[in-house]
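Participant: Provided herewith: input17.cif, mmCIF, C-alpha atoms.
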data_entry
loop_
_atom_site.label_atom_id
_atom_site.label_comp_id
_atom_site.auth_asym_id
_atom_site.auth_seq_id
_atom_site.Cartn_x
_atom_site.Cartn_y
_atom_site.Cartn_z
CA TYR A 19 0.00 0.00 0.00
CA SER A 20 1.04 3.66 -0.23
CA VAL A 21 0.83 6.90 1.74
CA GLU A 22 -0.51 10.07 0.15
CA THR A 23 1.02 13.14 1.80
CA LEU A 24 -0.71 16.45 2.44
CA LEU A 25 -3.67 15.64 0.24
CA ASP A 26 -6.03 18.53 -0.48
CA PRO A 27 -9.51 17.21 0.49
CA LYS A 28 -11.14 19.55 -2.03
CA SER A 29 -9.31 17.77 -4.86
CA ILE A 30 -11.21 14.52 -4.21
CA THR A 31 -14.28 14.34 -6.42
CA ASN A 32 -14.63 10.56 -6.68
CA PRO A 33 -13.31 8.64 -3.64
CA SER A 34 -13.06 5.36 -5.54
CA LEU A 35 -10.28 6.82 -7.71
CA ILE A 36 -8.22 7.24 -4.53
CA ASN A 37 -9.15 3.77 -3.31
CA ILE A 38 -7.90 1.99 -6.45
CA LEU A 39 -4.54 3.74 -6.10
CA ASN A 40 -3.84 1.42 -3.16
CA VAL A 41 -3.64 4.47 -0.84
CA LYS A 42 -4.11 3.21 2.71
CA TYR A 43 -2.84 6.24 4.66
CA ILE A 44 -3.35 9.94 4.01
CA ILE A 45 -1.71 12.95 5.66
CA SER A 46 -3.95 16.01 5.61
CA ASN A 47 -4.33 19.27 7.55
CA GLU A 48 -8.14 18.95 7.60
CA PRO A 49 -10.79 16.19 7.58
CA ILE A 50 -11.56 14.40 4.31
CA PRO A 51 -15.34 14.26 4.07
CA ARG A 52 -15.61 12.34 0.77
CA LEU A 53 -13.44 9.46 1.96
CA ASN A 54 -14.27 6.86 4.58
CA THR A 55 -11.33 7.57 6.87
CA GLU A 56 -10.23 7.02 10.46
CA LEU A 57 -8.02 9.58 12.22
CA LEU A 58 -5.05 7.71 13.70
CA LEU A 59 -3.06 10.59 15.15
CA GLU A 60 -2.77 14.37 14.93
CA SER A 61 0.07 16.80 15.57
CA ASN A 62 0.23 20.57 15.03
CA GLY A 63 -2.97 20.56 13.01
CA VAL A 64 -1.84 17.79 10.63
CA GLY A 65 -3.57 14.43 10.85
CA LEU A 66 -2.69 10.90 9.74
CA TYR A 67 -5.81 9.17 8.40
CA ARG A 68 -6.43 5.54 7.47
CA ASN A 69 -8.42 5.05 4.28
CA VAL A 70 -10.91 2.38 5.35
CA ASP A 71 -12.04 1.52 1.81
CA PHE A 72 -8.64 1.31 0.13
CA LYS A 73 -8.22 -1.50 -2.39
CA GLN A 74 -5.36 -3.98 -2.45
CA LYS A 75 -2.72 -3.86 -5.18
CA ALA A 76 -4.80 -6.30 -7.20
CA PHE A 77 -8.50 -7.12 -7.08
CA VAL A 78 -11.20 -8.69 -9.26
CA ALA A 79 -14.01 -6.56 -10.72
CA TYR A 80 -17.18 -8.01 -12.19
CA GLU A 81 -18.33 -5.08 -14.30
CA VAL A 82 -16.24 -3.91 -17.26
CA VAL A 83 -17.14 -1.13 -19.68
CA PRO A 84 -15.22 -1.12 -23.00
CA LEU A 85 -14.53 2.31 -24.53
CA PRO A 86 -12.83 3.02 -27.87
CA SER A 87 -10.12 5.47 -26.78
CA ALA A 88 -8.18 6.99 -23.90
CA ALA A 89 -10.09 10.25 -24.41
CA ALA A 90 -13.41 8.45 -23.94
CA VAL A 91 -12.14 6.76 -20.77
CA PHE A 92 -10.91 9.99 -19.17
CA GLN A 93 -14.08 11.81 -20.12
CA GLN A 94 -16.18 9.20 -18.35
CA LEU A 95 -13.86 9.14 -15.34
CA SER A 96 -14.29 12.90 -14.91
CA GLU A 97 -18.04 13.09 -15.48
CA ASN A 98 -19.62 10.65 -13.06
CA ASN A 99 -19.37 9.17 -9.57
CA THR A 100 -19.18 5.51 -10.54
CA ASP A 101 -17.44 3.27 -8.04
CA TYR A 102 -14.30 2.37 -9.97
CA SER A 103 -13.28 -0.18 -7.37
CA SER A 104 -16.05 -2.42 -8.69
CA THR A 105 -16.45 -1.11 -12.27
CA VAL A 106 -13.49 -0.93 -14.65
CA LEU A 107 -13.23 1.06 -17.88
CA VAL A 108 -11.01 -0.60 -20.49
CA GLU A 109 -9.73 0.66 -23.83
CA ALA A 110 -11.09 -1.80 -26.36
CA ASN A 111 -12.55 -1.49 -29.86
CA HIS A 112 -14.20 -4.90 -29.61
CA ASP A 113 -16.60 -6.80 -27.40
CA VAL A 114 -15.23 -8.06 -24.10
CA PRO A 115 -16.23 -11.21 -22.18
CA GLU A 116 -19.54 -11.08 -20.32
CA LEU A 117 -19.16 -11.06 -16.56
CA GLU A 118 -21.43 -11.71 -13.62
CA ALA A 119 -21.14 -10.99 -9.92
CA GLY A 120 -18.94 -13.29 -7.91
CA ASN A 121 -16.46 -13.60 -5.06
CA TYR A 122 -12.71 -13.71 -5.24
CA SER A 123 -9.44 -13.99 -3.39
CA VAL A 124 -6.18 -12.49 -4.64
CA ALA A 125 -2.61 -12.68 -3.36
CA VAL A 126 0.44 -10.97 -4.87
CA THR A 127 3.18 -13.59 -4.55
CA LYS A 128 5.97 -11.71 -6.31
CA TYR A 129 6.50 -8.02 -6.92
CA SER A 130 9.45 -6.39 -8.67
CA PRO A 131 9.82 -3.55 -11.20
CA ASN A 132 9.80 -6.03 -14.11
CA GLU A 133 7.76 -8.97 -12.85
CA ILE A 134 4.56 -9.39 -10.84
CA ALA A 135 3.01 -12.75 -9.96
CA ILE A 136 -0.51 -13.17 -8.59
CA LYS A 137 -2.55 -16.10 -7.31
CA ALA A 138 -6.24 -15.48 -7.97
CA GLU A 139 -9.42 -17.42 -7.43
CA THR A 140 -12.85 -16.27 -8.60
CA THR A 141 -16.24 -17.94 -8.48
CA SER A 142 -17.25 -16.48 -11.86
CA ASN A 143 -15.62 -14.78 -14.85
CA GLY A 144 -14.04 -11.50 -13.81
CA PHE A 145 -11.42 -8.87 -14.57
CA LEU A 146 -8.19 -8.86 -12.58
CA PHE A 147 -7.32 -5.19 -11.99
CA LEU A 148 -3.71 -4.36 -11.12
CA SER A 149 -2.87 -0.96 -9.64
CA GLU A 150 0.29 -0.66 -11.71
CA SER A 151 0.99 1.89 -14.45
CA TYR A 152 0.13 0.54 -17.88
CA SER A 153 2.81 0.45 -20.56
CA PRO A 154 2.95 -1.39 -23.90
CA GLY A 155 6.03 -3.18 -22.55
CA TRP A 156 3.90 -5.28 -20.18
CA SER A 157 2.85 -8.79 -21.17
CA ALA A 158 0.83 -11.35 -19.23
CA ARG A 159 0.42 -15.09 -18.89
CA ILE A 160 -2.46 -16.88 -17.20
CA ASP A 161 -1.55 -20.41 -16.11
CA GLY A 162 1.39 -20.23 -18.53
CA LYS A 163 -0.68 -19.13 -21.56
CA PRO A 164 -0.36 -15.66 -23.15
CA ALA A 165 -3.15 -13.23 -22.25
CA THR A 166 -4.16 -9.78 -23.49
CA VAL A 167 -3.21 -6.91 -21.17
CA TYR A 168 -5.86 -4.17 -21.14
CA LYS A 169 -5.36 -0.55 -20.15
CA ALA A 170 -7.79 -0.09 -17.27
CA ASN A 171 -9.33 3.04 -15.72
CA GLY A 172 -7.11 5.28 -17.79
CA ALA A 173 -3.72 4.47 -16.34
CA PHE A 174 -3.62 0.95 -14.92
CA MET A 175 -3.83 -2.56 -16.34
CA GLY A 176 -5.52 -5.90 -16.02
CA VAL A 177 -6.58 -9.16 -17.65
CA PHE A 178 -9.81 -11.13 -17.96
CA LEU A 179 -10.08 -14.28 -15.86
CA SER A 180 -12.36 -17.28 -16.20
CA ALA A 181 -13.93 -18.80 -13.09
CA GLY A 182 -11.51 -20.90 -11.06
CA GLN A 183 -7.98 -20.74 -9.65
CA HIS A 184 -5.25 -19.06 -11.68
CA THR A 185 -1.63 -18.06 -11.61
CA VAL A 186 -1.15 -14.74 -13.39
CA GLU A 187 2.28 -13.44 -14.34
CA PHE A 188 2.99 -9.94 -15.62
CA ARG A 189 6.39 -9.21 -17.16
CA TYR A 190 7.82 -5.89 -18.32
CA PHE A 191 10.06 -5.94 -21.38
CA PRO A 192 9.89 -2.55 -23.13
CA MET A 193 10.56 -2.21 -26.85
CA SER A 194 13.26 0.36 -26.10
CA PHE A 195 15.18 -2.30 -24.18
CA LEU A 196 14.84 -4.75 -27.08
CA LEU A 197 16.04 -2.09 -29.54
CA GLY A 198 18.97 -1.39 -27.24
CA ILE A 199 19.94 -5.07 -27.29
CA ILE A 200 19.66 -5.18 -31.09
CA ILE A 201 21.74 -2.02 -31.55
CA THR A 202 24.37 -3.17 -29.06
CA SER A 203 24.57 -6.62 -30.66
CA SER A 204 24.81 -5.12 -34.16
CA THR A 205 27.56 -2.73 -33.07
CA LEU A 206 29.48 -5.57 -31.43
CA LEU A 207 29.11 -7.71 -34.57
CA VAL A 208 30.46 -4.90 -36.76
CA VAL A 209 33.45 -4.47 -34.43
CA VAL A 210 34.16 -8.23 -34.50
CA ILE A 211 33.90 -8.38 -38.31
CA ARG A 212 36.15 -5.33 -38.79
CA SER A 213 38.66 -6.75 -36.33
CA ALA A 214 38.64 -10.11 -38.15
CA LEU A 215 39.09 -8.41 -41.54
CA TYR A 216 41.96 -6.34 -40.18
CA ARG A 217 43.74 -9.43 -38.87
CA PHE A 218 43.07 -11.27 -42.15
CA ARG A 219 44.50 -8.45 -44.23
CA LYS A 220 47.47 -8.14 -41.89
CA ASN A 221 48.19 -11.87 -42.21
CA ILE A 222 47.91 -11.68 -46.02
CA ALA A 223 50.31 -8.75 -46.09
CA ALA A 224 52.77 -10.57 -43.81
CA ALA A 225 52.61 -13.69 -45.98
CA SER A 226 53.24 -11.61 -49.11
CA ASP A 227 56.26 -9.97 -47.48
CA ARG A 228 57.71 -13.37 -46.53
CA ASN A 229 57.24 -14.71 -50.06
CA LEU A 230 58.87 -11.62 -51.52
CA PHE A 231 61.79 -11.95 -49.15
CA LYS A 232 62.29 -15.61 -50.11
CA ALA A 233 62.24 -14.71 -53.80
#
What does the file become when written as structure tokens?
Facilitator:
Amino acid sequence: YSVETLLDPKSITNPSLINILNVKYIISNEPIPRLNTELLLESNGVGLYRNVDFKQKAFVAYEVVPLPSAAAVFQQLSENNTDYSSTVLVEANHDVPELEAGNYSVAVTKYSPNEIAIKAETTSNGFLFLSESYSPGWSARIDGKPATVYKANGAFMGVFLSAGQHTVEFRYFPMSFLLGIIITSSTLLVVVIRSALYRFRKNIAAASDRNLFKA
């Protein structure tokens, strides 16, 4: 979970958008009426609050709304008070799987900058939401099989799950890193080839000199 420091209560228009950020504690110099909070301690007019309704790093949602673009997603996020801890907006130009209400359990078993592993169980088809910044460099596997990673709620990511128990693995391998490997490998290959040609030409020249000397 995370701590949001010196949050301006007036900036909160939809509490669920704070909850899905995995923000468990908030430091503020005044009460936060739109959030369900508990004051833990106060000093010099500044309070430490616990966000009672914060969501875990990963959770399963059972209502997904597909929208055709990022602009459409952000417009909807800014225009209504939907609970985005139970409803997820995804960028998709096609139909998405139909979902129905269910129950779930989720545990993050591995977390690093480039790899996240999750054990999930759901009683019906659902959408596994991960409070991690979306990037095209992320890929996912569900039970070892490739899965589509969706951009969710404007900035995060997730995958669709079928009912049952699953192991979900997210890996980050950006295209820039791949291009860097290709460029580095190509440069190294050029250096090796030029070095080999130089030695070859040097050996030819030395052999020619020896033959000339013998003659």
Participant: Can you measure atom CA of Leu39 of chain A to atom CA of Lys137 of chain A for me? One decimal in Å is fine.
Facilitator: 20.0 Å
Participant: Residue by residue, what does the PyMOL selection byres ((chain A and resi 51) around 12) grab here? Present the result as a list in words.
Facilitator: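 Evaluating the PyMOL selection byres ((chain A and resi 51) around 12) on these coordinates yields Asp26, Pro27, Lys28, Ser29, Ile30, Thr31, Asn32, Pro33, Ser46, Glu48, Pro49, Ile50, Arg52, Leu53, Asn54, Thr55, Glu56, Leu57, Tyr67 and Asn69 of chain A.
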Participant: Could you give me, as a VMD selection string, the residues within 7 Å of segment 174-185 of chain A, counting all atoms listed in the file and dropping anything in the same chain fewer than 6 positions from it?
Facilitator: chain A and resid 136 to 152 160 to 161 166 to 168
Participant: I'd like the interatomic distance between atom CA of Pro115 of chain A and atom CA of Leu95 of chain A, to a tenth of an Å.
Facilitator: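 Separation between atom CA of Pro115 of chain A and atom CA of Leu95 of chain A: 21.6 Å.
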Participant: List the spatial neighbours of Val83 of chain A as a VMD selection string - criterion: any atom at most 10 Å away, all atoms listed in the file, same-chain residues fewer than 2 positions off excluded.
Facilitator: chain A and resid 81 85 91 105 to 110 113 to 114 170 to 171
Participant: Using the chain letters and residue numbers of this document, give as an MDAnalysis selection string the residues selected by the PyMOL selection byres ((chain A and resi 133) around 7).
Facilitator: chainID A and resid 129:132 134:135 188:190
Participant: Report, in Å to a single decimal, how far apart atom CA of Leu117 of chain A and atom CA of Val82 of chain A are.
Facilitator: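 Here the two named atoms are 7.8 Å from each other.
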Participant: Taking into account all atoms listed in the file, which residue in the set A:Leu66, A:Val78, A:Ala88, A:Leu58 is nearest to Ile45 of chain A?
Facilitator: A:Leu66
Participant: Under the rule that all atoms listed in the file are counted, which of A:Gln74, A:Asp101, A:Asn111, A:Glu60 is the nearest residue to Val124 of chain A?
Facilitator: A:Gln74
Participant: Let me know the residues the PyMOL selection byres ((chain A and resi 37) around 8) catches in the file above, as a list in words.
Facilitator: Pro33, Ser34, Leu35, Ile36, Ile38, Leu39, Asn40, Val41, Lys42, Asn69, Asp71, Phe72, Lys73 and Ser103 of chain A
Participant: Take the residues from that selection and write them out as a PDB file, in the frame of the given file, keeping C-alpha atoms.
Facilitator:
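Output file again-v5.pdb is given in full below:
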ATOM      1  CA  PRO A  33     -13.310   8.640  -3.640  1.00  0.00           C
ATOM      2  CA  SER A  34     -13.060   5.360  -5.540  1.00  0.00           C
ATOM      3  CA  LEU A  35     -10.280   6.820  -7.710  1.00  0.00           C
ATOM      4  CA  ILE A  36      -8.220   7.240  -4.530  1.00  0.00           C
ATOM      5  CA  ILE A  38      -7.900   1.990  -6.450  1.00  0.00           C
ATOM      6  CA  LEU A  39      -4.540   3.740  -6.100  1.00  0.00           C
ATOM      7  CA  ASN A  40      -3.840   1.420  -3.160  1.00  0.00           C
ATOM      8  CA  VAL A  41      -3.640   4.470  -0.840  1.00  0.00           C
ATOM      9  CA  LYS A  42      -4.110   3.210   2.710  1.00  0.00           C
ATOM     10  CA  ASN A  69      -8.420   5.050   4.280  1.00  0.00           C
ATOM     11  CA  ASP A  71     -12.040   1.520   1.810  1.00  0.00           C
ATOM     12  CA  PHE A  72      -8.640   1.310   0.130  1.00  0.00           C
ATOM     13  CA  LYS A  73      -8.220  -1.500  -2.390  1.00  0.00           C
ATOM     14  CA  SER A 103     -13.280  -0.180  -7.370  1.00  0.00           C
TER      15      SER A 103
END
Participant: Under the rule that all atoms listed in the file are counted, which of A:Arg159, A:His112, A:Arg68, A:Lys75 is the nearest residue to Val126 of chain A?
Facilitator: A:Lys75
Participant: Since the input is missing atoms, can you rebuild N, CA and C atoms for segment 64-87 of chain A and write them as an mmCIF file, in the frame of the given file?
Facilitator:
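Result file is part34.cif:
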data_model
loop_
_atom_site.group_PDB
_atom_site.id
_atom_site.type_symbol
_atom_site.label_atom_id
_atom_site.label_comp_id
_atom_site.auth_asym_id
_atom_site.auth_seq_id
_atom_site.Cartn_x
_atom_site.Cartn_y
_atom_site.Cartn_z
ATOM 1 N N VAL A 64 -1.964 18.728 11.757
ATOM 2 C CA VAL A 64 -1.840 17.790 10.630
ATOM 3 C C VAL A 64 -2.198 16.391 11.125
ATOM 4 N N GLY A 65 -3.121 15.731 10.406
ATOM 5 C CA GLY A 65 -3.570 14.430 10.850
ATOM 6 C C GLY A 65 -3.139 13.297 9.924
ATOM 7 N N LEU A 66 -2.959 12.125 10.503
ATOM 8 C CA LEU A 66 -2.690 10.900 9.740
ATOM 9 C C LEU A 66 -3.979 10.096 9.740
ATOM 10 N N TYR A 67 -4.539 9.862 8.540
ATOM 11 C CA TYR A 67 -5.810 9.170 8.400
ATOM 12 C C TYR A 67 -5.602 7.817 7.724
ATOM 13 N N ARG A 68 -6.402 6.841 8.137
ATOM 14 C CA ARG A 68 -6.430 5.540 7.470
ATOM 15 C C ARG A 68 -7.617 5.508 6.517
ATOM 16 N N ASN A 69 -7.359 5.171 5.268
ATOM 17 C CA ASN A 69 -8.420 5.050 4.280
ATOM 18 C C ASN A 69 -9.066 3.677 4.437
ATOM 19 N N VAL A 70 -10.249 3.641 5.013
ATOM 20 C CA VAL A 70 -10.910 2.380 5.350
ATOM 21 C C VAL A 70 -11.238 1.559 4.112
ATOM 22 N N ASP A 71 -11.580 2.221 3.008
ATOM 23 C CA ASP A 71 -12.040 1.520 1.810
ATOM 24 C C ASP A 71 -10.958 1.319 0.752
ATOM 25 N N PHE A 72 -9.704 1.461 1.127
ATOM 26 C CA PHE A 72 -8.640 1.310 0.130
ATOM 27 C C PHE A 72 -8.665 -0.098 -0.460
ATOM 28 N N LYS A 73 -8.281 -0.209 -1.721
ATOM 29 C CA LYS A 73 -8.220 -1.500 -2.390
ATOM 30 C C LYS A 73 -6.790 -2.033 -2.380
ATOM 31 N N GLN A 74 -6.678 -3.346 -2.387
ATOM 32 C CA GLN A 74 -5.360 -3.980 -2.450
ATOM 33 C C GLN A 74 -4.712 -3.713 -3.811
ATOM 34 N N LYS A 75 -3.456 -4.077 -3.932
ATOM 35 C CA LYS A 75 -2.720 -3.860 -5.180
ATOM 36 C C LYS A 75 -3.423 -4.500 -6.361
ATOM 37 N N ALA A 76 -4.065 -5.611 -6.136
ATOM 38 C CA ALA A 76 -4.800 -6.300 -7.200
ATOM 39 C C ALA A 76 -6.153 -6.759 -6.647
ATOM 40 N N PHE A 77 -7.177 -6.657 -7.477
ATOM 41 C CA PHE A 77 -8.500 -7.120 -7.080
ATOM 42 C C PHE A 77 -9.277 -7.526 -8.332
ATOM 43 N N VAL A 78 -10.371 -8.232 -8.130
ATOM 44 C CA VAL A 78 -11.200 -8.690 -9.260
ATOM 45 C C VAL A 78 -12.469 -7.852 -9.312
ATOM 46 N N ALA A 79 -12.771 -7.315 -10.490
ATOM 47 C CA ALA A 79 -14.010 -6.560 -10.720
ATOM 48 C C ALA A 79 -14.925 -7.403 -11.615
ATOM 49 N N TYR A 80 -16.223 -7.208 -11.437
ATOM 50 C CA TYR A 80 -17.180 -8.010 -12.190
ATOM 51 C C TYR A 80 -18.054 -7.173 -13.123
ATOM 52 N N GLU A 81 -17.667 -5.924 -13.305
ATOM 53 C CA GLU A 81 -18.330 -5.080 -14.300
ATOM 54 C C GLU A 81 -17.260 -4.325 -15.077
ATOM 55 N N VAL A 82 -17.239 -4.540 -16.390
ATOM 56 C CA VAL A 82 -16.240 -3.910 -17.260
ATOM 57 C C VAL A 82 -16.955 -3.184 -18.391
ATOM 58 N N VAL A 83 -16.546 -1.936 -18.617
ATOM 59 C CA VAL A 83 -17.140 -1.130 -19.680
ATOM 60 C C VAL A 83 -16.069 -0.854 -20.736
ATOM 61 N N PRO A 84 -16.207 -1.394 -21.955
ATOM 62 C CA PRO A 84 -15.220 -1.120 -23.000
ATOM 63 C C PRO A 84 -15.489 0.235 -23.661
ATOM 64 N N LEU A 85 -14.429 1.013 -23.856
ATOM 65 C CA LEU A 85 -14.530 2.310 -24.530
ATOM 66 C C LEU A 85 -13.450 2.374 -25.613
ATOM 67 N N PRO A 86 -13.707 3.108 -26.704
ATOM 68 C CA PRO A 86 -12.830 3.020 -27.870
ATOM 69 C C PRO A 86 -11.499 3.760 -27.780
ATOM 70 N N SER A 87 -11.345 4.667 -26.812
ATOM 71 C CA SER A 87 -10.120 5.470 -26.780
ATOM 72 C C SER A 87 -9.822 5.949 -25.371
#
